[in-house]
Amino acid sequence: MSAADHPGSVTALVILPTLNEAKNLPLLVPRILEHEGFRLMIVDDRSTDGTGDVADALAEQYPDRIEVMHRTGKRGLGLSYAEAFPKAAAAEVDVICQMDADLSHDPQYLPAMVAATAEFDVVIGSRYAEGSGLENFPGYRAALSRGANTYVRAITGLRAKDCTSGYRCWRRSVVRQIRWERVGAEGFAFLVETLCEAAQAGCSIGELPVLFVGRRHGASKLTARVFRESLIVPWRVLMRFRRRPPQSPR
Ligand SMILES: Nc1nc2c(ncn2[C@@H]2O[C@H](COP(=O)(O)OP(=O)(O)O)[C@@H](O)[C@H]2O)c(=O)[nH]1
Ligand SMILES: [Mg+2]
């Protein structure tokens, strides 16, 4: 696959995890699907605000372009992605994307990110690459995010500026190589764990600057439990790779 050789013909499947995003989803979905060649896999975790029904209605509105997964097991962002990624890897698409459903990740960046997978195995929509920015994001959240990145990079050896961004595009061939069975993070730490797995597998990791906009509808799901797991996971990953730290992005 080469996006550069075949501009416009590259196909992408975007995984959208949702937990109480009923207001955001109808605003976001049309903006993703206005891009030709894009499809969606919405992974809802028994939202209590009707997001599951909103997703089903959107799937009817866009025939053959949206698949909705209604999860029944234990809730968690990581658990949702861990279920969705292997399924997405079996789809007939070139690129698999992941993004938040709260309008923080602007879909306008998707085509460029997908195109950049011609050069990199994984492309991060980065809040800290040169030219990026944060908008409507409280100071304490920005500080937490920067601190998390410093912490993760120091422990794991990852070199990306934004290791905790949930906005990413992966070559499908790379997703098929990841050892999903050993990815154990249940919450947001999944993002760090999978990036480490990718780096360990020798994948090249690139970053494109994005303007990240803090959510306007609904509430953050960053709980104390999720936060605690995020502190532990980088160490767990380090132990897993022991003397073989993740490689630097090429
Ligand atoms: N399926 C699923 N999605 C989740 C869960 N927790 C968060 N999300 C989704 O993950 C994305 C990021 O969560 P968000 O609350 O915005 O995190 P924040 O931006 O760090 O405050 C959003 O689309 C959420 O709806 C979960 O437990 N399960
Ligand atoms: Mg958010």
# chains A, B, ... in the order shown; residues from 1 in each chain; ligands from 1
call {"tool": "residues_near_ligand", "arguments": {"ligand": "ligand 2", "cutoff": "6 Å", "atoms": "only C-alpha atoms and all ligand atoms", "output": "list in words"}}
result
Asp102, Ser104, Arg215 and Ser220 of chain A
call {"tool": "residues_around", "arguments": {"residues": "region 157-164 of chain A", "least_positions_apart": "5", "cutoff": "10 Å", "atoms": "only C-alpha atoms", "output": "ChimeraX atom specification"}}
result
/A:124-130,145-146,148-152,188-196,199-200,205-207,209,230,234,238,245-250
call {"tool": "closest_residue", "arguments": {"among": "A:Ala12, A:Ala89, A:Val213, A:Cys203", "to": "Val122 (chain A)", "atoms": "only C-alpha atoms"}}
result
A:Cys203
call {"tool": "closest_atom_pairs", "arguments": {"of": "chain A", "to": "ligand 1", "cutoff": "7 Å", "atoms": "only C-alpha atoms and all ligand atoms", "output": "JSON lines"}}
result
{"residue": "A:Leu16", "atom": "CA", "partner": "ligand 1", "partner_atom_place_in_ligand_line": "23 (O)", "distance": 6.5}
{"residue": "A:Pro17", "atom": "CA", "partner": "ligand 1", "partner_atom_place_in_ligand_line": "3 (N)", "distance": 4.1}
{"residue": "A:Thr18", "atom": "CA", "partner": "ligand 1", "partner_atom_place_in_ligand_line": "25 (O)", "distance": 3.7}
{"residue": "A:Leu19", "atom": "CA", "partner": "ligand 1", "partner_atom_place_in_ligand_line": "25 (O)", "distance": 4.0}
{"residue": "A:Asn20", "atom": "CA", "partner": "ligand 1", "partner_atom_place_in_ligand_line": "25 (O)", "distance": 6.0}
{"residue": "A:Glu21", "atom": "CA", "partner": "ligand 1", "partner_atom_place_in_ligand_line": "25 (O)", "distance": 5.7}
{"residue": "A:Val43", "atom": "CA", "partner": "ligand 1", "partner_atom_place_in_ligand_line": "1 (N)", "distance": 5.3}
{"residue": "A:Asp44", "atom": "CA", "partner": "ligand 1", "partner_atom_place_in_ligand_line": "1 (N)", "distance": 4.7}
{"residue": "A:Asp45", "atom": "CA", "partner": "ligand 1", "partner_atom_place_in_ligand_line": "1 (N)", "distance": 4.4}
{"residue": "A:Arg75", "atom": "CA", "partner": "ligand 1", "partner_atom_place_in_ligand_line": "27 (O)", "distance": 4.8}
{"residue": "A:Gly76", "atom": "CA", "partner": "ligand 1", "partner_atom_place_in_ligand_line": "27 (O)", "distance": 3.2}
{"residue": "A:Leu77", "atom": "CA", "partner": "ligand 1", "partner_atom_place_in_ligand_line": "26 (C)", "distance": 3.8}
{"residue": "A:Ser80", "atom": "CA", "partner": "ligand 1", "partner_atom_place_in_ligand_line": "1 (N)", "distance": 5.1}
{"residue": "A:Asp100", "atom": "CA", "partner": "ligand 1", "partner_atom_place_in_ligand_line": "23 (O)", "distance": 3.7}
{"residue": "A:Ala101", "atom": "CA", "partner": "ligand 1", "partner_atom_place_in_ligand_line": "23 (O)", "distance": 3.5}
{"residue": "A:Asp102", "atom": "CA", "partner": "ligand 1", "partner_atom_place_in_ligand_line": "23 (O)", "distance": 5.1}
{"residue": "A:Gly187", "atom": "CA", "partner": "ligand 1", "partner_atom_place_in_ligand_line": "27 (O)", "distance": 6.7}
{"residue": "A:Arg215", "atom": "CA", "partner": "ligand 1", "partner_atom_place_in_ligand_line": "16 (O)", "distance": 6.8}
{"residue": "A:Ala219", "atom": "CA", "partner": "ligand 1", "partner_atom_place_in_ligand_line": "15 (O)", "distance": 6.2}
{"residue": "A:Ser220", "atom": "CA", "partner": "ligand 1", "partner_atom_place_in_ligand_line": "15 (O)", "distance": 3.4}
{"residue": "A:Lys221", "atom": "CA", "partner": "ligand 1", "partner_atom_place_in_ligand_line": "15 (O)", "distance": 3.8}
{"residue": "A:Leu222", "atom": "CA", "partner": "ligand 1", "partner_atom_place_in_ligand_line": "21 (O)", "distance": 5.4}
call {"tool": "select_by_dssp", "arguments": {"residues": "region 118-226 of chain A", "states": "strand (DSSP E or B)", "output": "PDB file with C-alpha atoms, in the first residue's frame"}}
result
ATOM      1  CA  VAL A 122       1.943   4.616  12.878  1.00  0.00           C
ATOM      2  CA  VAL A 123       1.012   8.297  12.617  1.00  0.00           C
ATOM      3  CA  ILE A 124       0.116  10.255  15.748  1.00  0.00           C
ATOM      4  CA  GLY A 125      -2.129  13.326  15.700  1.00  0.00           C
ATOM      5  CA  SER A 126       0.195  15.154  18.049  1.00  0.00           C
ATOM      6  CA  GLY A 133      -1.900  23.553  19.897  1.00  0.00           C
ATOM      7  CA  LEU A 134      -4.408  23.173  22.707  1.00  0.00           C
ATOM      8  CA  GLU A 135      -7.691  25.064  22.845  1.00  0.00           C
ATOM      9  CA  ARG A 168      -3.652   7.785  15.554  1.00  0.00           C
ATOM     10  CA  CYS A 169      -3.612   6.076  12.171  1.00  0.00           C
ATOM     11  CA  TRP A 170      -2.038   2.673  11.685  1.00  0.00           C
ATOM     12  CA  ARG A 171      -1.172   0.715   8.586  1.00  0.00           C
ATOM     13  CA  ILE A 205       6.265   6.273  14.385  1.00  0.00           C
ATOM     14  CA  GLY A 206       5.547   9.700  12.900  1.00  0.00           C
ATOM     15  CA  GLU A 207       3.733  12.730  14.269  1.00  0.00           C
ATOM     16  CA  LEU A 208       1.577  15.343  12.577  1.00  0.00           C
ATOM     17  CA  PRO A 209       0.599  18.486  14.497  1.00  0.00           C
ATOM     18  CA  LEU A 211      -5.072  21.521  17.234  1.00  0.00           C
ATOM     19  CA  PHE A 212      -6.647  19.683  20.169  1.00  0.00           C
ATOM     20  CA  VAL A 213      -9.913  21.196  21.389  1.00  0.00           C
TER      21      VAL A 213
END
